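data33.txt, holding compact mmCIF, C-alpha atoms:
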```txt
# COMPACT_ATOMS: atom_id res chain seq x y z
CA MET P 88 84.23 36.65 106.75
CA LEU P 89 85.64 37.66 110.14
CA ILE P 90 84.54 41.16 111.20
CA GLY P 91 86.22 42.76 114.23
CA TYR P 92 84.77 45.15 116.76
CA ALA P 93 87.02 47.03 119.20
CA ARG P 94 85.79 49.39 121.91
CA VAL P 95 87.32 51.44 124.69
CA SER P 96 85.27 53.32 127.26
CA THR P 97 86.99 56.69 127.35
CA LEU P 98 88.75 58.99 124.92
CA ASP P 99 92.10 58.65 126.68
CA GLN P 100 92.18 54.86 126.31
CA ASN P 101 93.87 53.28 123.30
CA PRO P 102 92.18 50.37 121.45
CA GLN P 103 95.37 49.42 119.56
CA HIS P 104 96.00 46.18 121.49
CA GLN P 105 92.45 45.06 120.64
CA ILE P 106 92.93 45.99 116.98
CA ASP P 107 96.22 44.06 116.84
CA ALA P 108 94.56 40.97 118.37
CA LEU P 109 91.62 41.22 115.92
CA LYS P 110 94.01 41.47 112.94
CA GLU P 111 95.97 38.49 114.25
CA ALA P 112 92.69 36.54 114.53
CA GLY P 113 92.14 37.14 110.80
CA CYS P 114 89.59 39.96 110.74
CA LYS P 115 89.26 41.50 107.28
CA LYS P 116 87.39 44.59 108.52
CA ILE P 117 87.47 46.20 111.97
CA PHE P 118 85.04 48.69 113.47
CA THR P 119 86.39 50.77 116.38
CA GLU P 120 84.80 53.22 118.79
CA LYS P 121 85.42 55.08 122.03
CA ILE P 122 82.22 54.94 124.07
CA SER P 123 80.95 53.34 127.27
CA GLY P 124 79.62 49.80 126.89
CA ALA P 125 76.60 50.83 128.92
CA LYS P 126 75.45 53.13 126.09
CA LYS P 127 72.79 51.55 123.91
CA ASN P 128 73.48 53.63 120.80
CA ARG P 129 76.93 52.62 119.67
CA LYS P 130 77.30 53.76 116.08
CA GLN P 131 80.28 51.58 115.11
CA LEU P 132 78.75 48.41 116.60
CA LYS P 133 75.54 49.10 114.67
CA GLU P 134 77.56 49.63 111.48
CA ALA P 135 79.46 46.37 112.09
CA LEU P 136 76.20 44.46 112.62
CA ASP P 137 74.60 46.06 109.55
CA TYR P 138 77.69 45.22 107.46
CA MET P 139 77.64 41.52 108.40
CA ARG P 140 75.96 38.82 106.33
CA GLU P 141 74.89 35.23 106.97
CA GLY P 142 77.92 33.03 107.64
CA ASP P 143 80.09 35.92 108.90
CA THR P 144 81.64 35.94 112.36
CA LEU P 145 81.80 38.92 114.71
CA VAL P 146 85.09 38.88 116.60
CA VAL P 147 85.70 40.81 119.83
CA TRP P 148 88.76 40.86 122.06
CA LYS P 149 86.76 40.35 125.27
CA LEU P 150 83.05 39.80 125.96
CA SER P 151 82.81 43.06 127.94
CA ARG P 152 83.80 44.96 124.76
CA LEU P 153 80.54 43.84 123.15
CA ALA P 154 78.20 44.92 125.98
CA ARG P 155 78.15 45.69 129.70
CA SER P 156 74.79 44.25 130.71
CA LEU P 157 73.73 40.62 130.51
CA THR P 158 70.47 41.54 128.77
CA GLN P 159 72.23 43.64 126.14
CA MET P 160 74.80 40.89 125.56
CA ILE P 161 72.23 38.11 125.21
CA ASN P 162 70.02 40.21 122.92
CA THR P 163 72.99 40.98 120.66
CA VAL P 164 74.00 37.32 120.43
CA LYS P 165 70.37 36.27 119.87
CA ASP P 166 70.17 38.74 116.99
CA LEU P 167 73.42 37.33 115.56
CA GLU P 168 72.13 33.74 115.86
CA GLU P 169 68.85 34.64 114.10
CA ARG P 170 70.90 36.10 111.24
CA LYS P 171 73.17 32.99 111.23
CA ILE P 172 76.20 35.03 112.31
CA SER P 173 78.65 33.60 114.85
CA LEU P 174 80.48 35.35 117.67
CA LYS P 175 84.10 34.73 118.64
CA VAL P 176 85.68 36.14 121.78
CA ILE P 177 89.48 35.99 121.60
CA THR P 178 90.55 36.17 125.26
CA GLN P 179 87.79 33.89 126.56
CA ASN P 180 88.00 31.37 123.71
CA ILE P 181 84.26 31.57 122.98
CA ASP P 182 82.85 30.50 119.61
CA THR P 183 79.04 30.50 119.36
CA SER P 184 79.10 28.43 116.18
CA THR P 185 79.26 25.32 118.43
CA PRO P 186 76.82 24.17 121.16
CA GLU P 187 79.66 24.18 123.71
CA GLY P 188 80.59 27.71 122.64
CA ARG P 189 77.02 28.92 123.14
CA LEU P 190 76.92 27.39 126.63
CA PHE P 191 80.30 28.90 127.48
CA PHE P 192 79.11 32.28 126.18
CA HIS P 193 76.06 32.29 128.50
CA MET P 194 78.17 31.26 131.49
CA ASN P 195 80.78 33.95 130.80
CA ALA P 196 78.14 36.61 130.15
CA ALA P 197 76.51 35.83 133.52
CA PHE P 198 79.88 35.99 135.31
CA ASP P 199 80.78 39.29 133.60
CA GLN P 200 77.44 40.78 134.71
CA PHE P 201 77.98 39.49 138.25
CA GLN P 202 81.48 40.97 138.37
CA ARG P 203 80.22 44.36 137.15
CA GLU P 204 77.45 44.39 139.77
CA ILE P 205 79.95 43.55 142.53
CA ILE P 206 82.21 46.44 141.41
CA VAL P 207 79.26 48.87 141.40
CA GLU P 208 78.08 47.62 144.80
CA ASN P 209 81.58 47.97 146.31
CA THR P 210 81.96 51.47 144.86
CA ARG P 211 78.63 52.56 146.37
CA ALA P 212 79.55 51.06 149.74
CA GLY P 213 82.92 52.85 149.67
CA LEU P 214 81.30 56.20 148.82
CA LYS P 215 78.70 55.74 151.56
CA SER P 216 81.43 54.96 154.11
CA ALA P 217 83.48 57.98 152.97
CA ARG P 218 80.45 60.30 153.30
CA LYS P 219 79.75 58.90 156.76
CA ASN P 220 83.33 59.82 157.72
CA GLY P 221 83.00 63.36 156.34
CA ARG P 222 84.62 62.89 152.92
CA ILE P 223 82.57 63.57 149.84
CA GLY P 224 84.96 62.41 147.15
CA GLY P 225 85.46 63.98 143.77
CA ARG P 226 87.79 66.80 142.87
CA PRO P 227 88.64 69.40 145.47
CA THR P 228 86.90 72.69 144.79
CA LEU P 229 89.02 75.32 143.05
CA MET P 230 86.95 78.27 144.20
CA THR P 231 87.60 78.47 147.92
CA ASP P 232 85.85 81.05 150.09
CA GLU P 233 89.07 83.05 150.03
CA LYS P 234 89.19 83.08 146.20
CA ILE P 235 85.51 84.05 146.01
CA ARG P 236 86.14 87.04 148.33
CA ALA P 237 89.22 88.00 146.28
CA ALA P 238 87.28 87.70 143.00
CA LYS P 239 84.50 89.95 144.35
CA ALA P 240 87.06 92.57 145.39
CA MET P 241 88.77 92.37 141.97
CA LEU P 242 85.44 92.68 140.16
CA LYS P 243 84.72 95.87 142.09
CA ASP P 244 88.24 97.22 141.35
CA THR P 245 87.78 98.06 137.66
CA ASP P 246 90.87 100.32 137.62
CA ASN P 247 93.34 97.51 138.45
CA TYR P 248 91.30 94.65 136.92
CA PRO P 249 89.55 96.06 133.84
CA PHE P 250 89.26 92.63 132.18
CA ILE P 251 87.70 89.42 133.49
CA SER P 252 90.63 87.49 132.00
CA ASP P 253 92.96 89.38 134.39
CA ILE P 254 90.96 88.15 137.38
CA ILE P 255 90.86 84.58 136.09
CA LYS P 256 94.61 84.59 135.48
CA THR P 257 95.36 86.09 138.90
CA LEU P 258 93.20 83.47 140.66
CA SER P 259 94.67 80.62 138.54
CA ILE P 260 91.28 79.15 137.72
CA GLY P 261 89.48 78.20 134.53
CA ARG P 262 87.02 80.44 132.74
CA THR P 263 84.18 77.92 133.26
CA THR P 264 84.88 77.70 136.99
CA PHE P 265 84.85 81.50 137.26
CA TYR P 266 81.55 81.92 135.39
CA ARG P 267 79.95 79.09 137.37
CA HIS P 268 80.46 81.17 140.53
CA PHE P 269 79.98 84.57 138.89
CA PRO P 270 77.25 84.62 136.23
CA ARG P 271 76.99 87.69 133.97
CA ASP P 272 74.30 89.44 136.07
CA VAL P 273 76.41 89.05 139.26
CA ILE P 274 79.46 90.42 137.43
CA GLU P 275 77.50 93.44 136.18
CA THR P 276 76.21 94.16 139.69
CA LEU P 277 79.70 93.93 141.24
CA ARG P 278 81.31 95.95 138.44
CA THR P 279 78.96 98.89 139.09
CA GLN P 280 79.63 98.93 142.87
CA GLU P 281 82.29 101.26 144.20
```
Structure translated into structure tokens:
Amino acid sequence: MLIGYARVSTLDQNPQHQIDALKEAGCKKIFTEKISGAKKNRKQLKEALDYMREGDTLVVWKLSRLARSLTQMINTVKDLEERKISLKVITQNIDTSTPEGRLFFHMNAAFDQFQREIIVENTRAGLKSARKNGRIGGRPTLMTDEKIRAAKAMLKDTDNYPFISDIIKTLSIGRTTFYRHFPRDVIETLRTQE
């Protein structure tokens, strides 16, 4: 029996193209999840592996959907081989039921790991260069010094701003952002000042 496994890394990604490809490949059952491949505890992958029996084939759209590290990938395939379960990778034309397929799997897994390490290395180098040039990256801060001064003044002015929600709305910031800068004890102190 062909069992499919589809995975996307983030909640805003859509696995539908993987699911379509797995159905087209003949998968009778498909397990899908939205989680990073770097995570070890992937519930749907575990369920797929538990569901499979000797002679079944696990089908994935791309090798990187199965795992992100070479060790994790090899351990998963080793476990499948011990249970006499094959692995098919649609886009890379890998089939571990043959000796050539097993060789091709190991070569592709090594290249995928290499590519991931290069991406991580380049990202770190880019961030280091940006920091060196005075840029920190990430989102710009919403609570500028000016907004913090305004918020303090509004907190003290209980006549015009009796509710915290009024201050948050006036500053056009989120509740979490506000409370990150003004914890309850700070608010109480400012509210009692005249």
Quick one, how far is CA of Thr257 in chain P from CA of Arg222 in chain P?
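Interatomic distance, CA of Thr257 in chain P to CA of Arg222 in chain P: 29.2 Å.
Counting only C-alpha atoms and comparing P:Ala212, P:Phe265, P:Leu157, P:Asn180, the residue that lies closest to Ala237 in chain P is P:Phe265.
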Within 8 Å of file point (86.3, 47.3, 110.3), counting all atoms listed in the file, expressed as number ranges by chain:
P: 90-92, 115-119, 135
Out of P:Ser216, P:Asn128, P:Ser151, P:Gln202, which residue has the shortest atom-to-atom distance to Ile177 in chain P when counting only C-alpha atoms?
P:Ser151
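Separating CA of Leu242 in chain P from CA of Arg271 in chain P is a distance of 11.6 Å.
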In Å to one decimal, how far is CA of Val207 in chain P from CA of Asp182 in chain P?
28.7 Å
Need the shell around Gly188 in chain P: protein/DNA/RNA residues with any atom at most 12 Å away, counting all atoms listed in the file. Skip same-chain ones fewer than 4 positions apart. Format as a PyMOL selection string?
chain P and resi 164+173-176+179-184+192-196
Expected axis-aligned box over every listed atom of range 163-178 of chain P, 8 Å added per side, centre plus edges in Å to one decimal, as lines of an AutoDock Vina configuration file:
```
center_x = 79.7
center_y = 37.0
center_z = 118.2
size_x = 37.7
size_y = 24.0
size_z = 30.0
```
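Distance annotation: of P:Leu258, P:Leu214, P:Ala197, P:Leu153, the residue with the minimal separation from Lys127 in chain P is P:Leu153; atom set is only C-alpha atoms.
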Quick one: residues within 7 Å of Glu120 in chain P, all atoms listed in the file, excluding same-chain residues fewer than 5 positions away - as a PyMOL selection string?
chain P and resi 93-95+131
Determine, counting all atoms listed in the file, which protein, DNA and RNA residues have an atom within 12 Å of an atom of Ile255 in chain P; residues of the same chain fewer than 4 positions away are not included. Present the result as a count of residues only.
23
Write out as a compact mmCIF listing (two decimals) with C-alpha atoms, in the coordinates of the input which residues come within 9 Å of Ile172 in chain P when counting all atoms listed in the file, dropping same-chain ones fewer than 2 positions away.
```txt
# COMPACT_ATOMS: atom_id res chain seq x y z
CA MET P 139 77.64 41.52 108.40
CA ARG P 140 75.96 38.82 106.33
CA GLU P 141 74.89 35.23 106.97
CA GLY P 142 77.92 33.03 107.64
CA ASP P 143 80.09 35.92 108.90
CA THR P 144 81.64 35.94 112.36
CA LEU P 145 81.80 38.92 114.71
CA VAL P 164 74.00 37.32 120.43
CA ASP P 166 70.17 38.74 116.99
CA LEU P 167 73.42 37.33 115.56
CA GLU P 168 72.13 33.74 115.86
CA GLU P 169 68.85 34.64 114.10
CA ARG P 170 70.90 36.10 111.24
CA LEU P 174 80.48 35.35 117.67
CA THR P 183 79.04 30.50 119.36
CA SER P 184 79.10 28.43 116.18
```
Which polymer residues have any atom within 9 Å of an atom of Thr97 in chain P, counting all atoms listed in the file, with same-chain residues fewer than 5 positions away left out, as a PyMOL selection string?
chain P and resi 121-123
